[in-house]
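Dropping upload_30.pdb in here (PDB, C-alpha atoms):
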```
MODEL        1
ATOM      1  CA  MET H  10      72.665 -44.611 227.511
ATOM      2  CA  LYS H  11      69.720 -46.476 226.007
ATOM      3  CA  ARG H  12      68.229 -49.380 228.022
ATOM      4  CA  GLU H  13      66.160 -52.096 226.379
ATOM      5  CA  VAL H  14      64.576 -55.158 227.971
ATOM      6  CA  LEU H  15      65.465 -58.128 225.761
ATOM      7  CA  VAL H  16      63.832 -60.948 227.733
ATOM      8  CA  ASN H  17      61.514 -60.970 230.742
ATOM      9  CA  SER H  18      60.979 -63.564 233.472
ATOM     10  CA  ASN H  19      58.565 -65.689 231.412
ATOM     11  CA  GLY H  20      61.000 -65.759 228.503
ATOM     12  CA  ILE H  21      63.900 -66.802 230.725
ATOM     13  CA  ASP H  22      61.780 -69.568 232.323
ATOM     14  CA  LYS H  23      60.763 -70.848 228.882
ATOM     15  CA  ILE H  24      64.383 -70.878 227.663
ATOM     16  CA  ILE H  25      65.566 -72.782 230.745
ATOM     17  CA  ARG H  26      62.763 -75.376 230.413
ATOM     18  CA  GLU H  27      63.392 -75.957 226.695
ATOM     19  CA  ILE H  28      67.193 -76.107 227.007
ATOM     20  CA  SER H  29      66.945 -78.428 230.036
ATOM     21  CA  LYS H  30      64.806 -80.816 228.006
ATOM     22  CA  LYS H  31      67.316 -80.711 225.119
ATOM     23  CA  ILE H  32      70.276 -81.304 227.464
ATOM     24  CA  TYR H  33      68.475 -84.257 229.053
ATOM     25  CA  GLN H  34      67.651 -85.739 225.637
ATOM     26  CA  ASP H  35      71.296 -85.356 224.570
ATOM     27  CA  SER H  36      72.624 -87.025 227.747
ATOM     28  CA  GLU H  37      72.870 -90.798 227.604
ATOM     29  CA  ASP H  38      73.739 -91.668 231.215
ATOM     30  CA  MET H  39      72.620 -89.234 233.895
ATOM     31  CA  ASN H  40      74.838 -91.022 236.442
ATOM     32  CA  GLU H  41      77.875 -89.753 234.493
ATOM     33  CA  PHE H  42      76.435 -86.236 234.071
ATOM     34  CA  ALA H  43      77.111 -83.191 236.273
ATOM     35  CA  ILE H  44      76.416 -79.468 236.131
ATOM     36  CA  VAL H  45      78.897 -76.772 237.173
ATOM     37  CA  GLY H  46      77.831 -73.127 237.385
ATOM     38  CA  VAL H  47      80.276 -70.243 236.984
ATOM     39  CA  GLN H  48      79.994 -67.654 239.771
ATOM     40  CA  THR H  49      77.725 -65.692 240.120
ATOM     41  CA  ARG H  50      74.721 -65.863 237.826
ATOM     42  CA  GLY H  51      75.844 -69.070 236.139
ATOM     43  CA  VAL H  52      75.360 -70.800 239.490
ATOM     44  CA  GLU H  53      71.703 -69.797 239.706
ATOM     45  CA  LEU H  54      71.069 -70.764 236.073
ATOM     46  CA  ALA H  55      72.780 -74.120 236.741
ATOM     47  CA  ASN H  56      70.496 -74.667 239.755
ATOM     48  CA  ARG H  57      67.436 -74.065 237.578
ATOM     49  CA  ILE H  58      68.659 -76.426 234.848
ATOM     50  CA  LYS H  59      69.520 -79.057 237.474
ATOM     51  CA  LYS H  60      66.033 -78.842 238.978
ATOM     52  CA  ASN H  61      64.406 -79.231 235.550
ATOM     53  CA  ILE H  62      66.590 -82.181 234.558
ATOM     54  CA  GLU H  63      65.982 -83.905 237.896
ATOM     55  CA  GLY H  64      62.263 -83.526 237.239
ATOM     56  CA  LEU H  65      62.697 -85.212 233.862
ATOM     57  CA  CYS H  66      64.966 -88.079 234.926
ATOM     58  CA  GLY H  67      63.851 -88.655 238.517
ATOM     59  CA  ILE H  68      67.369 -88.877 239.970
ATOM     60  CA  SER H  69      69.642 -86.406 241.733
ATOM     61  CA  VAL H  70      72.141 -84.682 239.437
ATOM     62  CA  LYS H  71      75.616 -83.847 240.711
ATOM     63  CA  SER H  72      76.405 -80.146 240.684
ATOM     64  CA  GLY H  73      79.149 -77.733 241.586
ATOM     65  CA  ILE H  74      80.088 -74.081 241.848
ATOM     66  CA  LEU H  75      83.146 -72.584 240.159
ATOM     67  CA  ASP H  76      84.944 -69.309 240.872
ATOM     68  CA  ILE H  77      87.336 -68.306 238.090
ATOM     69  CA  SER H  78      88.892 -65.227 239.708
ATOM     70  CA  PHE H  79      92.483 -66.517 239.743
ATOM     71  CA  TYR H  80      92.234 -68.027 236.263
ATOM     72  CA  ARG H  81      91.415 -64.774 234.469
ATOM     73  CA  ASP H  82      94.018 -63.535 231.995
ATOM     74  CA  ASP H  83      93.465 -59.906 233.008
ATOM     75  CA  LEU H  84      94.252 -60.393 236.705
ATOM     76  CA  ALA H  85      97.552 -58.482 236.526
ATOM     77  CA  THR H  86      96.057 -55.566 234.566
ATOM     78  CA  ARG H  87      92.892 -55.008 236.629
ATOM     79  CA  GLY H  88      94.613 -53.005 239.373
ATOM     80  CA  VAL H  89      92.258 -54.402 242.022
ATOM     81  CA  LEU H  90      92.189 -57.916 243.395
ATOM     82  CA  PRO H  91      88.937 -59.680 242.558
ATOM     83  CA  ALA H  92      86.366 -60.588 245.188
ATOM     84  CA  ILE H  93      86.910 -64.293 245.770
ATOM     85  CA  LYS H  94      83.766 -66.403 245.740
ATOM     86  CA  GLU H  95      83.097 -70.006 246.585
ATOM     87  CA  THR H  96      84.285 -72.930 244.509
ATOM     88  CA  ARG H  97      82.638 -76.195 245.518
ATOM     89  CA  ILE H  98      82.992 -79.352 243.474
ATOM     90  CA  GLU H  99      82.394 -82.280 245.810
ATOM     91  CA  PHE H 100      82.606 -85.081 243.272
ATOM     92  CA  ASN H 101      85.311 -86.500 241.050
ATOM     93  CA  ILE H 102      84.931 -84.846 237.642
ATOM     94  CA  THR H 103      87.235 -87.340 235.911
ATOM     95  CA  LYS H 104      85.348 -89.134 233.112
ATOM     96  CA  LYS H 105      82.160 -87.156 233.852
ATOM     97  CA  LYS H 106      80.124 -85.388 231.201
ATOM     98  CA  ILE H 107      80.060 -81.841 232.521
ATOM     99  CA  LEU H 108      77.644 -79.080 231.605
ATOM    100  CA  LEU H 109      79.390 -75.768 232.292
ATOM    101  CA  VAL H 110      76.853 -72.974 232.825
ATOM    102  CA  ASP H 111      77.454 -69.236 232.480
ATOM    103  CA  ASP H 112      75.097 -66.341 231.949
ATOM    104  CA  VAL H 113      76.611 -64.387 229.031
ATOM    105  CA  ILE H 114      79.307 -65.262 226.511
ATOM    106  CA  PHE H 115      81.147 -62.296 225.043
ATOM    107  CA  THR H 116      84.860 -62.512 224.190
ATOM    108  CA  GLY H 117      85.216 -66.136 225.318
ATOM    109  CA  ARG H 118      87.841 -65.254 227.931
ATOM    110  CA  THR H 119      85.616 -66.064 230.915
ATOM    111  CA  VAL H 120      84.800 -69.483 229.477
ATOM    112  CA  LYS H 121      88.493 -70.139 228.803
ATOM    113  CA  ALA H 122      89.251 -69.278 232.439
ATOM    114  CA  ALA H 123      86.388 -71.536 233.559
ATOM    115  CA  LEU H 124      87.752 -74.413 231.478
ATOM    116  CA  ASP H 125      91.197 -73.918 233.024
ATOM    117  CA  ALA H 126      89.735 -73.806 236.540
ATOM    118  CA  LEU H 127      87.480 -76.804 235.964
ATOM    119  CA  THR H 128      90.173 -79.025 234.492
ATOM    120  CA  SER H 129      92.390 -78.324 237.500
ATOM    121  CA  PHE H 130      89.975 -80.691 239.319
ATOM    122  CA  GLY H 131      90.441 -83.580 236.886
ATOM    123  CA  ARG H 132      89.860 -84.676 233.319
ATOM    124  CA  PRO H 133      86.190 -84.842 232.346
ATOM    125  CA  ARG H 134      85.102 -87.039 229.441
ATOM    126  CA  THR H 135      83.388 -84.027 227.865
ATOM    127  CA  ILE H 136      82.522 -80.449 228.742
ATOM    128  CA  LYS H 137      79.501 -78.843 227.101
ATOM    129  CA  LEU H 138      78.740 -75.140 227.510
ATOM    130  CA  PHE H 139      75.397 -73.471 228.168
ATOM    131  CA  THR H 140      75.059 -69.702 228.133
ATOM    132  CA  LEU H 141      71.769 -67.892 228.401
ATOM    133  CA  ILE H 142      72.971 -65.070 226.145
ATOM    134  CA  ASP H 143      75.503 -65.009 223.303
ATOM    135  CA  ARG H 144      76.373 -61.405 222.540
ATOM    136  CA  GLY H 145      79.048 -62.109 219.907
ATOM    137  CA  ASN H 146      82.351 -60.218 219.621
ATOM    138  CA  ARG H 147      84.451 -63.325 220.329
ATOM    139  CA  GLU H 148      88.208 -63.015 220.859
ATOM    140  CA  PHE H 149      88.693 -66.753 221.476
ATOM    141  CA  PRO H 150      87.292 -69.581 219.315
ATOM    142  CA  ILE H 151      84.761 -70.689 221.935
ATOM    143  CA  GLN H 152      81.073 -71.262 221.192
ATOM    144  CA  PRO H 153      78.258 -72.513 223.440
ATOM    145  CA  ASP H 154      76.767 -75.946 222.784
ATOM    146  CA  TYR H 155      73.459 -74.706 224.190
ATOM    147  CA  CYS H 156      72.368 -71.083 224.055
ATOM    148  CA  GLY H 157      69.193 -69.327 225.115
ATOM    149  CA  PHE H 158      69.448 -66.578 222.520
ATOM    150  CA  HIS H 159      71.870 -64.508 220.470
ATOM    151  CA  VAL H 160      71.965 -60.719 220.394
ATOM    152  CA  LYS H 161      74.262 -58.626 218.236
ATOM    153  CA  THR H 162      76.058 -56.050 220.347
ATOM    154  CA  ASP H 163      78.779 -53.487 220.037
ATOM    155  CA  VAL H 164      81.841 -54.055 222.236
ATOM    156  CA  LYS H 165      80.885 -50.910 224.209
ATOM    157  CA  ASP H 166      77.383 -52.225 224.969
ATOM    158  CA  ASN H 167      76.517 -53.925 228.240
ATOM    159  CA  ILE H 168      74.248 -56.913 228.829
ATOM    160  CA  MET H 169      72.814 -57.319 232.312
ATOM    161  CA  LEU H 170      71.072 -60.427 233.576
ATOM    162  CA  LEU H 171      69.068 -59.689 236.688
ATOM    163  CA  LEU H 172      67.869 -62.681 238.714
ATOM    164  CA  LYS H 173      65.411 -62.593 241.608
ATOM    165  CA  GLU H 174      67.628 -64.792 243.839
ATOM    166  CA  ILE H 175      70.638 -62.474 243.452
ATOM    167  CA  ASP H 176      69.273 -59.038 242.577
ATOM    168  CA  ASN H 177      65.895 -59.127 244.376
ATOM    169  CA  VAL H 178      64.076 -58.036 241.211
ATOM    170  CA  GLU H 179      62.143 -59.895 238.519
ATOM    171  CA  ASP H 180      64.302 -61.938 236.142
ATOM    172  CA  THR H 181      65.223 -59.698 233.211
ATOM    173  CA  VAL H 182      67.836 -59.370 230.478
ATOM    174  CA  ILE H 183      68.689 -55.742 229.712
ATOM    175  CA  LEU H 184      70.817 -54.314 226.899
ATOM    176  CA  GLU H 185      72.474 -50.991 227.651
ATOM    177  CA  SER H 186      73.797 -49.390 224.494
ATOM    178  CA  SER H 187      75.432 -46.055 223.941
ATOM    179  CA  VAL H 188      73.423 -43.716 221.789
ATOM    180  CA  ASP H 189      75.532 -42.179 219.015
TER     181      ASP H 189
ENDMDL
END
```

Written as structure tokens, how would this file's structure read?
Amino acid sequence: MKREVLVNSNGIDKIIREISKKIYQDSEDMNEFAIVGVQTRGVELANRIKKNIEGLCGISVKSGILDISFYRDDLATRGVLPAIKETRIEFNITKKKILLVDDVIFTGRTVKAALDALTSFGRPRTIKLFTLIDRGNREFPIQPDYCGFHVKTDVKDNIMLLLKEIDNVEDTVILESSVD
């Protein structure tokens, strides 16, 4: 197994700052805007984006946490019940402009599950997607509206996002690829 660091802490910080600025510029009314992070690492990325946007606009941004465990389409084939995490959306999402945040987009199945879970809370005006990493190999026609960076991977490769708040190590994106 070959391990390669794709992005370090400074690179991740720069991406989050630049994307936050772009999201803020694209958002017309911050009172109708909210951020929802997909458990686990999407939540931390959403918190960082929220903090940056609040610094730009000077008002508090609504935010939530979404667990998609029971919305996955592979639940019956996994053999093990998933670890259930917190879902907390304490505002009415109907007619809101939602930014859905996840760490990595791969097949698109996680995002589809997140969309299903999110819309069970109401009918947002729009949902935009931010992912830090787009690794390709889509099975569903889902693309991020905002993306930190793209990396071409094989389906057997693994992308790991390590975050200091969750993993107790410096923020890093690592590609693990099998050596032929």

Evaluate the PyMOL selection byres ((chain H and resi 150-154) around 6) on the structure here and hand back the selected residues as a PDB file with C-alpha atoms, in the frame of the given file.
```pdb
ATOM      1  CA  GLY H 117      85.216 -66.136 225.318  1.00  0.00           C
ATOM      2  CA  LYS H 137      79.501 -78.843 227.101  1.00  0.00           C
ATOM      3  CA  LEU H 138      78.740 -75.140 227.510  1.00  0.00           C
ATOM      4  CA  PHE H 139      75.397 -73.471 228.168  1.00  0.00           C
ATOM      5  CA  PHE H 149      88.693 -66.753 221.476  1.00  0.00           C
ATOM      6  CA  TYR H 155      73.459 -74.706 224.190  1.00  0.00           C
TER       7      TYR H 155
END
```

Q: Check which residues satisfy the PyMOL selection byres ((chain H and resi 53) around 12) in the file shown, then give them as an NGL selection string.
A: :H and (25 or 44-52 or 54-60 or 72-75 or 110-112 or 141 or 170-176 or 180)

Could you dump the residues just selected with C-alpha atoms as a compact mmCIF listing (two decimals), in the frame of the given file?
```
# COMPACT_ATOMS: atom_id res chain seq x y z
CA ILE H 25 65.57 -72.78 230.74
CA ILE H 44 76.42 -79.47 236.13
CA VAL H 45 78.90 -76.77 237.17
CA GLY H 46 77.83 -73.13 237.38
CA VAL H 47 80.28 -70.24 236.98
CA GLN H 48 79.99 -67.65 239.77
CA THR H 49 77.72 -65.69 240.12
CA ARG H 50 74.72 -65.86 237.83
CA GLY H 51 75.84 -69.07 236.14
CA VAL H 52 75.36 -70.80 239.49
CA LEU H 54 71.07 -70.76 236.07
CA ALA H 55 72.78 -74.12 236.74
CA ASN H 56 70.50 -74.67 239.76
CA ARG H 57 67.44 -74.06 237.58
CA ILE H 58 68.66 -76.43 234.85
CA LYS H 59 69.52 -79.06 237.47
CA LYS H 60 66.03 -78.84 238.98
CA SER H 72 76.40 -80.15 240.68
CA GLY H 73 79.15 -77.73 241.59
CA ILE H 74 80.09 -74.08 241.85
CA LEU H 75 83.15 -72.58 240.16
CA VAL H 110 76.85 -72.97 232.82
CA ASP H 111 77.45 -69.24 232.48
CA ASP H 112 75.10 -66.34 231.95
CA LEU H 141 71.77 -67.89 228.40
CA LEU H 170 71.07 -60.43 233.58
CA LEU H 171 69.07 -59.69 236.69
CA LEU H 172 67.87 -62.68 238.71
CA LYS H 173 65.41 -62.59 241.61
CA GLU H 174 67.63 -64.79 243.84
CA ILE H 175 70.64 -62.47 243.45
CA ASP H 176 69.27 -59.04 242.58
CA ASP H 180 64.30 -61.94 236.14
```

Q.
Give me, as a PyMOL selection string, all polymer residues having an atom no more than 12 Å from range 92-101 of chain H, counting all atoms listed in the file and skipping those fewer than 3 positions away in the same chain.
A. chain H and resi 40-49+52+70-80+84+89+104-107+123+126-134

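In this structure, CA of Asn177 in chain H sits 25.1 Å away from CA of Ile62 in chain H.
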
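Taken over the shown file, the PyMOL selection byres ((chain H and resi 146) around 12) identifies Val113, Ile114, Phe115, Thr116, Gly117, Arg118, Asp143, Arg144, Gly145, Arg147, Glu148, Phe149, Pro150, Ile151, Gln152, His159, Val160, Lys161, Thr162, Asp163, Val164, Lys165 and Asp166 of chain H.
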
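We find CA of Phe158 in chain H and CA of Glu63 in chain H to be spaced 23.4 Å apart.
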
**Q.** Gap from CA of Lys31 in chain H to CA of Leu109 in chain H - Å, one decimal
**A.** 14.9 Å

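For the residues H:Ser187, H:Ser69, H:Asn19, H:Ser36, ranking by smallest atom-to-atom distance to Leu108 in chain H using only C-alpha atoms places H:Ser36 first.
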
Q) Which residues come within 8 Å of Leu184 in chain H, counting only C-alpha atoms, excluding same-chain residues fewer than 5 positions away, as a list in words? A) Lys11, Arg12, Glu13, Val14, Leu15, Asp166, Asn167, Ile168 and Met169 of chain H
